[in-house]
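Engineer: Sharing a structure here in structure tokens format.
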Amino acid sequence: MAQTLDHGGVDTAVASQARSTRGRASKPTLPPEARRLVPVEPQETRPKTPSSPVGMSPDIDEFLADIRSEKRLSVNTLVAYGNDLRQFRGYLDRQGIRDWDTDAATVLNFVAWLKDQAYAPASLARKLAATRTFFAFLVRRGTLRSDPAARIGTPRVGPFTPRTLTTEEIHRLLLAPTGRHTVEALRDQAMFELLASTGMRVSEVVSLDVGDIDVASGTVKCMGRGGRARTLPIDARVLAPLQTYLQRGRLLLAREPASGALFLNHRGDRLTRQGFWLVLKGYAKDAGIAGTLTPHTLRHSFAAQLIGGGALLREVQQRLGHASISTTQMYRQNPPATTLPAAPGGHLTIVR
């Protein structure tokens with residue numbers, strides 16, 4: 001039987017006191033040595049989108065339900081399409097257009113407005129694709145007689161060059177949580193180490209359960225896109241912060257003992273992608289990392305290290321969980337300017 005991480009090794013006095021004083025209206029009373037580990041995590045917020053007039057949201061909701069069943073898009077793609085269309089709806093509202101019956105000039109003006117907001121070419125292409133698909137749906141359903149976006153081409157998107165972090169930046173980012181004496185800091189260090197050493201997507205990291213970590217084999221099992229599961233190796237030194245988090249941090253964050261989620265937020269619920277993003281932004285500032293740092297930057301850095309270390313493209317595809325090897329080829333066609341030193345076994349080298 002595989003040995004998995006558990007709460008063994010936790011001081012029984014701390015555990016029993018936390019459980020005995022946990023209630024619906026009060027938080028656990030902590031012993032003196034644990035009182036400085038108090039939650040200070042920023043509140044999770046979702047991006048605000050312009051409000052839609054009465055009767056417009058159902059059209060978007062029906063469209064999303066239609067493409068969900070027809071195209072089998074991922075949840076993240078559906079959320080992005082919904083936000084894109086509500087943003088377009090908000091733009092129409094500001095132009096005094098109260099329904100979907102508009103013209104090509106208005107759609108082009110919307111694209112021009114997006115460019116003024118400094119959206120990346122890939123984001124522009126996605127937003128226009130969502131708008132075009134939505135209008136085609138309205139015509140097919142009989143809501144509109146003609147499609148105002150039918151003759152509008154897709155913006156040209158240039159080759160994508162993944163941004164990666166330097167070894168020094170990785171070092172500063174992974175050290176940043178150690179400067180905060182909080183429960184969340186224990187969690188954050190474990191999350192960052194795990195993501196940087198495996199190249200998992202942030203959605204895969206926050207979806208992990210405690211039982212997905214196998215200490216005996218030094219592996220983690222994650223569920224990727226399309227329901228494809230894969231097992232990834234973990235460097236032995238990454239297991240140490242994971243165990244510290246479970247033994248000292250997760251116990252104090254948990255509100256429901258039966259919860260199997262590995263990474264919890266300050267409310268005791270599973271940490272979300274948006275919550276992870278907020279946490280990462282704060283540490284990037286603490287670490288003095290310039291520019292926009294996303295969870296995918298760590299994933300790109302991991303892939304760059306594998307390619308730089310001479311790994312076969314097929315191996316990198318399997319590690320990253322890409323459905324098609326053409327997606328992985330971007331790392332070979334557009335190699336990042338900085339690669340990280342390789343370590344035995346293909347793990348990301350963390351300089352201490």
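Residue names in the structure tokens use chain letters A, B, ... in the order shown, residue numbers from 1 in each chain, and ligand numbers from 1 in the order shown.
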So that I can check the surroundings of stretch 185-187 of chain A, please list as a ChimeraX atom specification every protein, DNA and RNA residue that reaches within 6 Å of it, counting only C-alpha atoms and ignoring chain neighbours fewer than 5 positions away.

Structural biologist: /A:177,180,245

Engineer: Can you check which parts of stretch 256-341 of chain A lie within 12 Å of stretch 219-240 of chain A? Per residue, the shortest pair of atoms and distance in Å to one decimal, counting only C-alpha atoms, sorted by chain and number, as JSON lines.

Structural biologist:
{"residue": "A:Leu262", "atom": "CA", "partner": "A:Val220", "partner_atom": "CA", "distance": 11.6}
{"residue": "A:Glu315", "atom": "CA", "partner": "A:Leu232", "partner_atom": "CA", "distance": 11.5}
{"residue": "A:Val316", "atom": "CA", "partner": "A:Leu232", "partner_atom": "CA", "distance": 11.5}
{"residue": "A:Gln317", "atom": "CA", "partner": "A:Arg230", "partner_atom": "CA", "distance": 11.4}
{"residue": "A:Gln318", "atom": "CA", "partner": "A:Arg230", "partner_atom": "CA", "distance": 8.1}
{"residue": "A:Arg319", "atom": "CA", "partner": "A:Leu232", "partner_atom": "CA", "distance": 6.9}
{"residue": "A:Leu320", "atom": "CA", "partner": "A:Gly224", "partner_atom": "CA", "distance": 9.0}
{"residue": "A:Gly321", "atom": "CA", "partner": "A:Gly224", "partner_atom": "CA", "distance": 6.5}
{"residue": "A:His322", "atom": "CA", "partner": "A:Arg225", "partner_atom": "CA", "distance": 8.4}
{"residue": "A:Ala323", "atom": "CA", "partner": "A:Arg225", "partner_atom": "CA", "distance": 8.3}
{"residue": "A:Ser324", "atom": "CA", "partner": "A:Arg225", "partner_atom": "CA", "distance": 11.8}

Engineer: Would you save the residues from that selection as a CSV table (one decimal), in the first residue's frame, using C-alpha atoms?

Structural biologist:
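Result went into again.csv, see below:
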chain,number,residue,atom,x,y,z
A,262,LEU,CA,-4.6,19.6,-0.2
A,315,GLU,CA,8.9,13.3,-22.7
A,316,VAL,CA,8.2,17.1,-22.2
A,317,GLN,CA,4.8,16.6,-23.7
A,318,GLN,CA,4.0,13.8,-21.2
A,319,ARG,CA,5.3,15.8,-18.2
A,320,LEU,CA,3.2,18.8,-19.2
A,321,GLY,CA,0.1,16.8,-20.1
A,322,HIS,CA,-0.2,18.3,-23.6
A,323,ALA,CA,-2.8,16.5,-25.7
A,324,SER,CA,-0.9,17.3,-28.9

Engineer: Go through A:Thr102, A:Lys71, A:Arg314, A:Asp286 and flag the residue nearest A:Gly179, using only C-alpha atoms for the distances.

Structural biologist: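 Counting only C-alpha atoms, the residue closest to A:Gly179 is A:Asp286.
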
Engineer: Go through stretch 177-266 of chain A residue by residue and, counting only C-alpha atoms, keep those with an atom at most 12 Å from stretch 161-170 of chain A; for each kept residue give the shortest atom pair and its distance in Å to one decimal, ordered by chain and increasing number, as JSON lines.

Structural biologist:
{"residue": "A:Phe192", "atom": "CA", "partner": "A:Ile170", "partner_atom": "CA", "distance": 9.7}
{"residue": "A:Glu193", "atom": "CA", "partner": "A:Ile170", "partner_atom": "CA", "distance": 9.8}
{"residue": "A:Leu195", "atom": "CA", "partner": "A:Ile170", "partner_atom": "CA", "distance": 11.5}
{"residue": "A:Ala196", "atom": "CA", "partner": "A:Ile170", "partner_atom": "CA", "distance": 8.4}
{"residue": "A:Ser197", "atom": "CA", "partner": "A:Ile170", "partner_atom": "CA", "distance": 10.9}

Engineer: From a DSSP pass on the backbone, collect the residues of stretch 89-296 of chain A flagged as strand (DSSP E) and hand them back as a ChimeraX atom specification.

Structural biologist: /A:213-214,219-223,229-233

Engineer: Write down as a PDB file with N, CA and C atoms, in the first residue's frame the residues of stretch 145-342 of chain A whose backbone DSSP state falls under alpha helix (DSSP H).

Structural biologist:
ATOM      1  N   THR A 167      17.315  31.786 -12.807  1.00  0.00           N
ATOM      2  CA  THR A 167      17.565  31.002 -11.606  1.00  0.00           C
ATOM      3  C   THR A 167      17.467  31.861 -10.358  1.00  0.00           C
ATOM      4  N   GLU A 168      17.976  33.085 -10.434  1.00  0.00           N
ATOM      5  CA  GLU A 168      17.938  33.985  -9.285  1.00  0.00           C
ATOM      6  C   GLU A 168      16.504  34.375  -8.940  1.00  0.00           C
ATOM      7  N   GLU A 169      15.679  34.607  -9.949  1.00  0.00           N
ATOM      8  CA  GLU A 169      14.281  34.961  -9.699  1.00  0.00           C
ATOM      9  C   GLU A 169      13.527  33.793  -9.064  1.00  0.00           C
ATOM     10  N   ILE A 170      13.782  32.587  -9.555  1.00  0.00           N
ATOM     11  CA  ILE A 170      13.174  31.400  -8.944  1.00  0.00           C
ATOM     12  C   ILE A 170      13.581  31.303  -7.479  1.00  0.00           C
ATOM     13  N   HIS A 171      14.849  31.519  -7.219  1.00  0.00           N
ATOM     14  CA  HIS A 171      15.376  31.449  -5.856  1.00  0.00           C
ATOM     15  C   HIS A 171      14.665  32.456  -4.946  1.00  0.00           C
ATOM     16  N   ARG A 172      14.520  33.690  -5.409  1.00  0.00           N
ATOM     17  CA  ARG A 172      13.876  34.730  -4.589  1.00  0.00           C
ATOM     18  C   ARG A 172      12.400  34.430  -4.362  1.00  0.00           C
ATOM     19  N   LEU A 173      11.733  33.920  -5.383  1.00  0.00           N
ATOM     20  CA  LEU A 173      10.307  33.620  -5.250  1.00  0.00           C
ATOM     21  C   LEU A 173      10.071  32.508  -4.237  1.00  0.00           C
ATOM     22  N   LEU A 174      10.875  31.462  -4.286  1.00  0.00           N
ATOM     23  CA  LEU A 174      10.687  30.343  -3.369  1.00  0.00           C
ATOM     24  C   LEU A 174      11.089  30.679  -1.943  1.00  0.00           C
ATOM     25  N   LEU A 175      11.942  31.675  -1.789  1.00  0.00           N
ATOM     26  CA  LEU A 175      12.322  32.110  -0.449  1.00  0.00           C
ATOM     27  C   LEU A 175      11.318  33.102   0.147  1.00  0.00           C
ATOM     28  N   VAL A 183       0.204  30.846   8.686  1.00  0.00           N
ATOM     29  CA  VAL A 183      -0.232  29.543   8.219  1.00  0.00           C
ATOM     30  C   VAL A 183      -0.183  29.488   6.696  1.00  0.00           C
ATOM     31  N   GLU A 184      -0.647  30.550   6.061  1.00  0.00           N
ATOM     32  CA  GLU A 184      -0.679  30.586   4.608  1.00  0.00           C
ATOM     33  C   GLU A 184       0.708  30.515   3.995  1.00  0.00           C
ATOM     34  N   ALA A 185       1.706  31.079   4.684  1.00  0.00           N
ATOM     35  CA  ALA A 185       3.067  31.050   4.154  1.00  0.00           C
ATOM     36  C   ALA A 185       3.593  29.620   4.059  1.00  0.00           C
ATOM     37  N   LEU A 186       3.229  28.772   5.025  1.00  0.00           N
ATOM     38  CA  LEU A 186       3.617  27.365   4.962  1.00  0.00           C
ATOM     39  C   LEU A 186       2.992  26.701   3.738  1.00  0.00           C
ATOM     40  N   ARG A 187       1.736  27.018   3.502  1.00  0.00           N
ATOM     41  CA  ARG A 187       1.036  26.489   2.331  1.00  0.00           C
ATOM     42  C   ARG A 187       1.648  27.006   1.041  1.00  0.00           C
ATOM     43  N   ASP A 188       1.933  28.315   1.005  1.00  0.00           N
ATOM     44  CA  ASP A 188       2.427  28.934  -0.220  1.00  0.00           C
ATOM     45  C   ASP A 188       3.790  28.389  -0.626  1.00  0.00           C
ATOM     46  N   GLN A 189       4.664  28.168   0.345  1.00  0.00           N
ATOM     47  CA  GLN A 189       5.973  27.616   0.018  1.00  0.00           C
ATOM     48  C   GLN A 189       5.824  26.216  -0.569  1.00  0.00           C
ATOM     49  N   ALA A 190       4.951  25.411   0.011  1.00  0.00           N
ATOM     50  CA  ALA A 190       4.715  24.058  -0.508  1.00  0.00           C
ATOM     51  C   ALA A 190       4.147  24.120  -1.922  1.00  0.00           C
ATOM     52  N   MET A 191       3.200  25.023  -2.178  1.00  0.00           N
ATOM     53  CA  MET A 191       2.590  25.148  -3.502  1.00  0.00           C
ATOM     54  C   MET A 191       3.611  25.560  -4.543  1.00  0.00           C
ATOM     55  N   PHE A 192       4.400  26.593  -4.235  1.00  0.00           N
ATOM     56  CA  PHE A 192       5.373  27.097  -5.202  1.00  0.00           C
ATOM     57  C   PHE A 192       6.426  26.051  -5.523  1.00  0.00           C
ATOM     58  N   GLU A 193       6.919  25.365  -4.483  1.00  0.00           N
ATOM     59  CA  GLU A 193       7.928  24.331  -4.700  1.00  0.00           C
ATOM     60  C   GLU A 193       7.363  23.221  -5.582  1.00  0.00           C
ATOM     61  N   LEU A 194       6.121  22.823  -5.321  1.00  0.00           N
ATOM     62  CA  LEU A 194       5.502  21.738  -6.073  1.00  0.00           C
ATOM     63  C   LEU A 194       5.283  22.135  -7.527  1.00  0.00           C
ATOM     64  N   LEU A 195       4.768  23.338  -7.747  1.00  0.00           N
ATOM     65  CA  LEU A 195       4.504  23.785  -9.107  1.00  0.00           C
ATOM     66  C   LEU A 195       5.801  23.939  -9.895  1.00  0.00           C
ATOM     67  N   ALA A 196       6.838  24.518  -9.253  1.00  0.00           N
ATOM     68  CA  ALA A 196       8.099  24.755  -9.946  1.00  0.00           C
ATOM     69  C   ALA A 196       8.840  23.470 -10.267  1.00  0.00           C
ATOM     70  N   SER A 197       8.615  22.414  -9.481  1.00  0.00           N
ATOM     71  CA  SER A 197       9.369  21.172  -9.676  1.00  0.00           C
ATOM     72  C   SER A 197       8.641  20.148 -10.530  1.00  0.00           C
ATOM     73  N   THR A 198       7.373  20.416 -10.869  1.00  0.00           N
ATOM     74  CA  THR A 198       6.604  19.456 -11.675  1.00  0.00           C
ATOM     75  C   THR A 198       6.073  20.054 -12.966  1.00  0.00           C
ATOM     76  N   VAL A 202      -1.800  25.486 -12.821  1.00  0.00           N
ATOM     77  CA  VAL A 202      -2.301  25.930 -11.523  1.00  0.00           C
ATOM     78  C   VAL A 202      -3.632  25.253 -11.206  1.00  0.00           C
ATOM     79  N   SER A 203      -4.462  25.000 -12.231  1.00  0.00           N
ATOM     80  CA  SER A 203      -5.741  24.318 -11.998  1.00  0.00           C
ATOM     81  C   SER A 203      -5.519  22.902 -11.481  1.00  0.00           C
ATOM     82  N   GLU A 204      -4.425  22.272 -11.903  1.00  0.00           N
ATOM     83  CA  GLU A 204      -4.113  20.931 -11.422  1.00  0.00           C
ATOM     84  C   GLU A 204      -3.605  20.966  -9.985  1.00  0.00           C
ATOM     85  N   VAL A 205      -2.821  21.994  -9.660  1.00  0.00           N
ATOM     86  CA  VAL A 205      -2.270  22.117  -8.303  1.00  0.00           C
ATOM     87  C   VAL A 205      -3.392  22.323  -7.284  1.00  0.00           C
ATOM     88  N   VAL A 206      -4.310  23.251  -7.578  1.00  0.00           N
ATOM     89  CA  VAL A 206      -5.362  23.547  -6.601  1.00  0.00           C
ATOM     90  C   VAL A 206      -6.408  22.440  -6.539  1.00  0.00           C
ATOM     91  N   ALA A 236      12.862  14.992  -3.672  1.00  0.00           N
ATOM     92  CA  ALA A 236      12.733  14.690  -2.242  1.00  0.00           C
ATOM     93  C   ALA A 236      12.671  15.955  -1.398  1.00  0.00           C
ATOM     94  N   ARG A 237      13.401  16.998  -1.796  1.00  0.00           N
ATOM     95  CA  ARG A 237      13.412  18.216  -0.986  1.00  0.00           C
ATOM     96  C   ARG A 237      12.099  18.991  -1.072  1.00  0.00           C
ATOM     97  N   VAL A 238      11.270  18.686  -2.100  1.00  0.00           N
ATOM     98  CA  VAL A 238       9.961  19.327  -2.195  1.00  0.00           C
ATOM     99  C   VAL A 238       8.988  18.697  -1.208  1.00  0.00           C
ATOM    100  N   LEU A 239       9.220  17.435  -0.849  1.00  0.00           N
ATOM    101  CA  LEU A 239       8.333  16.772   0.102  1.00  0.00           C
ATOM    102  C   LEU A 239       8.430  17.388   1.496  1.00  0.00           C
ATOM    103  N   ALA A 240       9.591  17.945   1.831  1.00  0.00           N
ATOM    104  CA  ALA A 240       9.770  18.520   3.172  1.00  0.00           C
ATOM    105  C   ALA A 240       8.808  19.674   3.433  1.00  0.00           C
ATOM    106  N   PRO A 241       8.745  20.707   2.560  1.00  0.00           N
ATOM    107  CA  PRO A 241       7.762  21.767   2.820  1.00  0.00           C
ATOM    108  C   PRO A 241       6.321  21.291   2.741  1.00  0.00           C
ATOM    109  N   LEU A 242       6.052  20.249   1.945  1.00  0.00           N
ATOM    110  CA  LEU A 242       4.695  19.698   1.893  1.00  0.00           C
ATOM    111  C   LEU A 242       4.316  19.088   3.246  1.00  0.00           C
ATOM    112  N   GLN A 243       5.234  18.335   3.829  1.00  0.00           N
ATOM    113  CA  GLN A 243       4.956  17.723   5.127  1.00  0.00           C
ATOM    114  C   GLN A 243       4.846  18.779   6.225  1.00  0.00           C
ATOM    115  N   THR A 244       5.691  19.816   6.151  1.00  0.00           N
ATOM    116  CA  THR A 244       5.605  20.896   7.140  1.00  0.00           C
ATOM    117  C   THR A 244       4.254  21.588   7.067  1.00  0.00           C
ATOM    118  N   LEU A 251      -3.691  21.861   9.255  1.00  0.00           N
ATOM    119  CA  LEU A 251      -4.537  21.558  10.401  1.00  0.00           C
ATOM    120  C   LEU A 251      -5.248  22.800  10.913  1.00  0.00           C
ATOM    121  N   LEU A 252      -4.525  23.923  10.925  1.00  0.00           N
ATOM    122  CA  LEU A 252      -5.094  25.164  11.450  1.00  0.00           C
ATOM    123  C   LEU A 252      -5.997  25.870  10.434  1.00  0.00           C
ATOM    124  N   LEU A 253      -5.810  25.580   9.147  1.00  0.00           N
ATOM    125  CA  LEU A 253      -6.671  26.171   8.122  1.00  0.00           C
ATOM    126  C   LEU A 253      -7.986  25.406   7.972  1.00  0.00           C
ATOM    127  N   ARG A 273      -8.193  29.013  -8.330  1.00  0.00           N
ATOM    128  CA  ARG A 273      -7.203  29.557  -9.251  1.00  0.00           C
ATOM    129  C   ARG A 273      -7.025  31.053  -9.018  1.00  0.00           C
ATOM    130  N   GLN A 274      -8.160  31.742  -8.799  1.00  0.00           N
ATOM    131  CA  GLN A 274      -8.080  33.186  -8.568  1.00  0.00           C
ATOM    132  C   GLN A 274      -7.330  33.485  -7.278  1.00  0.00           C
ATOM    133  N   GLY A 275      -7.559  32.656  -6.251  1.00  0.00           N
ATOM    134  CA  GLY A 275      -6.849  32.849  -4.990  1.00  0.00           C
ATOM    135  C   GLY A 275      -5.359  32.623  -5.151  1.00  0.00           C
ATOM    136  N   PHE A 276      -4.981  31.598  -5.896  1.00  0.00           N
ATOM    137  CA  PHE A 276      -3.567  31.342  -6.150  1.00  0.00           C
ATOM    138  C   PHE A 276      -2.931  32.527  -6.853  1.00  0.00           C
ATOM    139  N   TRP A 277      -3.647  33.085  -7.843  1.00  0.00           N
ATOM    140  CA  TRP A 277      -3.134  34.229  -8.599  1.00  0.00           C
ATOM    141  C   TRP A 277      -2.851  35.406  -7.668  1.00  0.00           C
ATOM    142  N   LEU A 278      -3.775  35.699  -6.777  1.00  0.00           N
ATOM    143  CA  LEU A 278      -3.576  36.808  -5.834  1.00  0.00           C
ATOM    144  C   LEU A 278      -2.366  36.561  -4.945  1.00  0.00           C
ATOM    145  N   VAL A 279      -2.221  35.339  -4.473  1.00  0.00           N
ATOM    146  CA  VAL A 279      -1.088  34.995  -3.620  1.00  0.00           C
ATOM    147  C   VAL A 279       0.220  35.172  -4.379  1.00  0.00           C
ATOM    148  N   LEU A 280       0.275  34.680  -5.605  1.00  0.00           N
ATOM    149  CA  LEU A 280       1.503  34.764  -6.406  1.00  0.00           C
ATOM    150  C   LEU A 280       1.890  36.209  -6.687  1.00  0.00           C
ATOM    151  N   LYS A 281       0.900  37.046  -6.981  1.00  0.00           N
ATOM    152  CA  LYS A 281       1.187  38.462  -7.254  1.00  0.00           C
ATOM    153  C   LYS A 281       1.848  39.124  -6.052  1.00  0.00           C
ATOM    154  N   GLY A 282       1.359  38.796  -4.859  1.00  0.00           N
ATOM    155  CA  GLY A 282       1.930  39.394  -3.655  1.00  0.00           C
ATOM    156  C   GLY A 282       3.375  38.983  -3.445  1.00  0.00           C
ATOM    157  N   TYR A 283       3.675  37.703  -3.666  1.00  0.00           N
ATOM    158  CA  TYR A 283       5.048  37.238  -3.474  1.00  0.00           C
ATOM    159  C   TYR A 283       5.976  37.730  -4.581  1.00  0.00           C
ATOM    160  N   ALA A 284       5.452  37.893  -5.787  1.00  0.00           N
ATOM    161  CA  ALA A 284       6.280  38.430  -6.873  1.00  0.00           C
ATOM    162  C   ALA A 284       6.749  39.838  -6.529  1.00  0.00           C
ATOM    163  N   LYS A 285       5.861  40.609  -5.912  1.00  0.00           N
ATOM    164  CA  LYS A 285       6.242  41.955  -5.480  1.00  0.00           C
ATOM    165  C   LYS A 285       7.288  41.887  -4.375  1.00  0.00           C
ATOM    166  N   ASP A 286       7.095  40.996  -3.413  1.00  0.00           N
ATOM    167  CA  ASP A 286       8.059  40.840  -2.323  1.00  0.00           C
ATOM    168  C   ASP A 286       9.431  40.414  -2.860  1.00  0.00           C
ATOM    169  N   PRO A 295       1.097  32.020 -12.934  1.00  0.00           N
ATOM    170  CA  PRO A 295       1.428  30.637 -12.603  1.00  0.00           C
ATOM    171  C   PRO A 295       2.029  29.879 -13.789  1.00  0.00           C
ATOM    172  N   HIS A 296       1.612  30.257 -14.997  1.00  0.00           N
ATOM    173  CA  HIS A 296       2.127  29.580 -16.185  1.00  0.00           C
ATOM    174  C   HIS A 296       3.604  29.910 -16.424  1.00  0.00           C
ATOM    175  N   THR A 297       4.090  31.022 -15.856  1.00  0.00           N
ATOM    176  CA  THR A 297       5.503  31.356 -16.005  1.00  0.00           C
ATOM    177  C   THR A 297       6.369  30.275 -15.366  1.00  0.00           C
ATOM    178  N   LEU A 298       5.958  29.768 -14.216  1.00  0.00           N
ATOM    179  CA  LEU A 298       6.695  28.686 -13.571  1.00  0.00           C
ATOM    180  C   LEU A 298       6.620  27.410 -14.406  1.00  0.00           C
ATOM    181  N   ARG A 299       5.492  27.173 -15.024  1.00  0.00           N
ATOM    182  CA  ARG A 299       5.329  26.003 -15.907  1.00  0.00           C
ATOM    183  C   ARG A 299       6.261  26.127 -17.112  1.00  0.00           C
ATOM    184  N   HIS A 300       6.324  27.324 -17.707  1.00  0.00           N
ATOM    185  CA  HIS A 300       7.224  27.555 -18.828  1.00  0.00           C
ATOM    186  C   HIS A 300       8.679  27.360 -18.410  1.00  0.00           C
ATOM    187  N   SER A 301       9.017  27.833 -17.210  1.00  0.00           N
ATOM    188  CA  SER A 301      10.388  27.703 -16.722  1.00  0.00           C
ATOM    189  C   SER A 301      10.774  26.232 -16.573  1.00  0.00           C
ATOM    190  N   PHE A 302       9.836  25.437 -16.090  1.00  0.00           N
ATOM    191  CA  PHE A 302      10.084  24.001 -15.944  1.00  0.00           C
ATOM    192  C   PHE A 302      10.316  23.363 -17.308  1.00  0.00           C
ATOM    193  N   ALA A 303       9.459  23.694 -18.288  1.00  0.00           N
ATOM    194  CA  ALA A 303       9.607  23.127 -19.632  1.00  0.00           C
ATOM    195  C   ALA A 303      10.925  23.561 -20.266  1.00  0.00           C
ATOM    196  N   ALA A 304      11.305  24.817 -20.050  1.00  0.00           N
ATOM    197  CA  ALA A 304      12.566  25.313 -20.602  1.00  0.00           C
ATOM    198  C   ALA A 304      13.751  24.558 -20.032  1.00  0.00           C
ATOM    199  N   GLN A 305      13.667  24.221 -18.734  1.00  0.00           N
ATOM    200  CA  GLN A 305      14.748  23.457 -18.100  1.00  0.00           C
ATOM    201  C   GLN A 305      14.863  22.063 -18.720  1.00  0.00           C
ATOM    202  N   LEU A 306      13.718  21.428 -18.982  1.00  0.00           N
ATOM    203  CA  LEU A 306      13.755  20.105 -19.585  1.00  0.00           C
ATOM    204  C   LEU A 306      14.339  20.150 -20.990  1.00  0.00           C
ATOM    205  N   ILE A 307      13.885  21.118 -21.803  1.00  0.00           N
ATOM    206  CA  ILE A 307      14.391  21.247 -23.167  1.00  0.00           C
ATOM    207  C   ILE A 307      15.881  21.576 -23.133  1.00  0.00           C
ATOM    208  N   GLY A 308      16.274  22.505 -22.251  1.00  0.00           N
ATOM    209  CA  GLY A 308      17.674  22.886 -22.140  1.00  0.00           C
ATOM    210  C   GLY A 308      18.550  21.736 -21.678  1.00  0.00           C
ATOM    211  N   LEU A 313      11.235  15.719 -26.892  1.00  0.00           N
ATOM    212  CA  LEU A 313       9.998  16.487 -26.961  1.00  0.00           C
ATOM    213  C   LEU A 313       8.820  15.667 -26.459  1.00  0.00           C
ATOM    214  N   ARG A 314       8.815  14.363 -26.749  1.00  0.00           N
ATOM    215  CA  ARG A 314       7.715  13.510 -26.304  1.00  0.00           C
ATOM    216  C   ARG A 314       7.678  13.414 -24.775  1.00  0.00           C
ATOM    217  N   GLU A 315       8.858  13.390 -24.160  1.00  0.00           N
ATOM    218  CA  GLU A 315       8.918  13.335 -22.701  1.00  0.00           C
ATOM    219  C   GLU A 315       8.361  14.622 -22.092  1.00  0.00           C
ATOM    220  N   VAL A 316       8.731  15.771 -22.674  1.00  0.00           N
ATOM    221  CA  VAL A 316       8.229  17.053 -22.175  1.00  0.00           C
ATOM    222  C   VAL A 316       6.713  17.111 -22.333  1.00  0.00           C
ATOM    223  N   GLN A 317       6.200  16.600 -23.465  1.00  0.00           N
ATOM    224  CA  GLN A 317       4.752  16.567 -23.682  1.00  0.00           C
ATOM    225  C   GLN A 317       4.054  15.778 -22.589  1.00  0.00           C
ATOM    226  N   GLN A 318       4.612  14.626 -22.238  1.00  0.00           N
ATOM    227  CA  GLN A 318       4.003  13.786 -21.208  1.00  0.00           C
ATOM    228  C   GLN A 318       4.066  14.454 -19.845  1.00  0.00           C
ATOM    229  N   ARG A 319       5.182  15.115 -19.531  1.00  0.00           N
ATOM    230  CA  ARG A 319       5.304  15.801 -18.238  1.00  0.00           C
ATOM    231  C   ARG A 319       4.277  16.925 -18.111  1.00  0.00           C
ATOM    232  N   LEU A 320       4.112  17.694 -19.199  1.00  0.00           N
ATOM    233  CA  LEU A 320       3.210  18.850 -19.157  1.00  0.00           C
ATOM    234  C   LEU A 320       1.753  18.468 -19.356  1.00  0.00           C
ATOM    235  N   ILE A 325       1.447  17.106 -29.400  1.00  0.00           N
ATOM    236  CA  ILE A 325       2.863  17.459 -29.313  1.00  0.00           C
ATOM    237  C   ILE A 325       3.146  18.790 -29.997  1.00  0.00           C
ATOM    238  N   SER A 326       2.222  19.238 -30.874  1.00  0.00           N
ATOM    239  CA  SER A 326       2.408  20.529 -31.535  1.00  0.00           C
ATOM    240  C   SER A 326       2.406  21.666 -30.521  1.00  0.00           C
ATOM    241  N   THR A 327       1.671  21.501 -29.426  1.00  0.00           N
ATOM    242  CA  THR A 327       1.666  22.514 -28.375  1.00  0.00           C
ATOM    243  C   THR A 327       3.030  22.585 -27.698  1.00  0.00           C
ATOM    244  N   THR A 328       3.658  21.440 -27.508  1.00  0.00           N
ATOM    245  CA  THR A 328       4.960  21.381 -26.844  1.00  0.00           C
ATOM    246  C   THR A 328       6.063  21.952 -27.729  1.00  0.00           C
ATOM    247  N   MET A 330       6.387  24.613 -29.219  1.00  0.00           N
ATOM    248  CA  MET A 330       6.700  26.039 -29.088  1.00  0.00           C
ATOM    249  C   MET A 330       7.961  26.254 -28.275  1.00  0.00           C
ATOM    250  N   TYR A 331       8.283  25.338 -27.378  1.00  0.00           N
ATOM    251  CA  TYR A 331       9.482  25.481 -26.568  1.00  0.00           C
ATOM    252  C   TYR A 331      10.743  25.224 -27.390  1.00  0.00           C
ATOM    253  N   ARG A 332      10.605  24.446 -28.458  1.00  0.00           N
ATOM    254  CA  ARG A 332      11.755  24.196 -29.325  1.00  0.00           C
ATOM    255  C   ARG A 332      11.835  25.234 -30.440  1.00  0.00           C
ATOM    256  N   GLN A 333      10.683  25.662 -30.955  1.00  0.00           N
ATOM    257  CA  GLN A 333      10.669  26.640 -32.034  1.00  0.00           C
ATOM    258  C   GLN A 333      10.996  28.039 -31.533  1.00  0.00           C
TER     259      GLN A 333
END

Engineer: Write out as a PDB file with C-alpha atoms, in the first residue's frame the residues lying within 9 Å of stretch 62-69 of chain A, counting only C-alpha atoms and excluding same-chain residues fewer than 6 positions away.

Structural biologist:
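File produced: part_4.pdb:
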ATOM      1  CA  VAL A  75     -14.595  24.922 -17.783  1.00  0.00           C
ATOM      2  CA  LEU A  78     -16.299  28.567 -20.924  1.00  0.00           C
ATOM      3  CA  VAL A  79     -15.623  31.034 -18.099  1.00  0.00           C
ATOM      4  CA  TYR A  81     -15.986  33.136 -23.158  1.00  0.00           C
ATOM      5  CA  GLY A  82     -18.642  34.225 -20.678  1.00  0.00           C
ATOM      6  CA  PHE A 134     -22.000  33.990 -30.277  1.00  0.00           C
ATOM      7  CA  PHE A 137     -25.465  31.108 -32.523  1.00  0.00           C
ATOM      8  CA  LEU A 138     -27.984  33.977 -32.427  1.00  0.00           C
TER       9      LEU A 138
END

Engineer: With only C-alpha atoms as the atoms that count, which of A:Gln117, A:Thr178, A:Gln95, A:Thr133 lies nearest to A:Ala149?

Structural biologist: A:Thr133

Engineer: Give me, please, the distance in Å between atom CA of A:Gly310 and atom CA of A:Met200, quoted to one decimal.

Structural biologist: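 Value for the atom CA of A:Gly310-atom CA of A:Met200 distance: 19.8 Å.
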
Engineer: What gap, in Å, lies between atom CA of A:Tyr119 and atom CA of A:Asp84?

Structural biologist: 12.1 Å

Engineer: Restricting the calculation to only C-alpha atoms: of A:Ala176, A:Ala136, A:Ala216, A:Ala120, which residue gets closest to A:Trp100?

Structural biologist: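 For A:Trp100, the nearest of the candidates is A:Ala136.
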
Engineer: Which distance in Å separates atom CA of A:Gly249 and atom CA of A:Gly268, to one decimal?

Structural biologist: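 Separation between atom CA of A:Gly249 and atom CA of A:Gly268: 11.2 Å.
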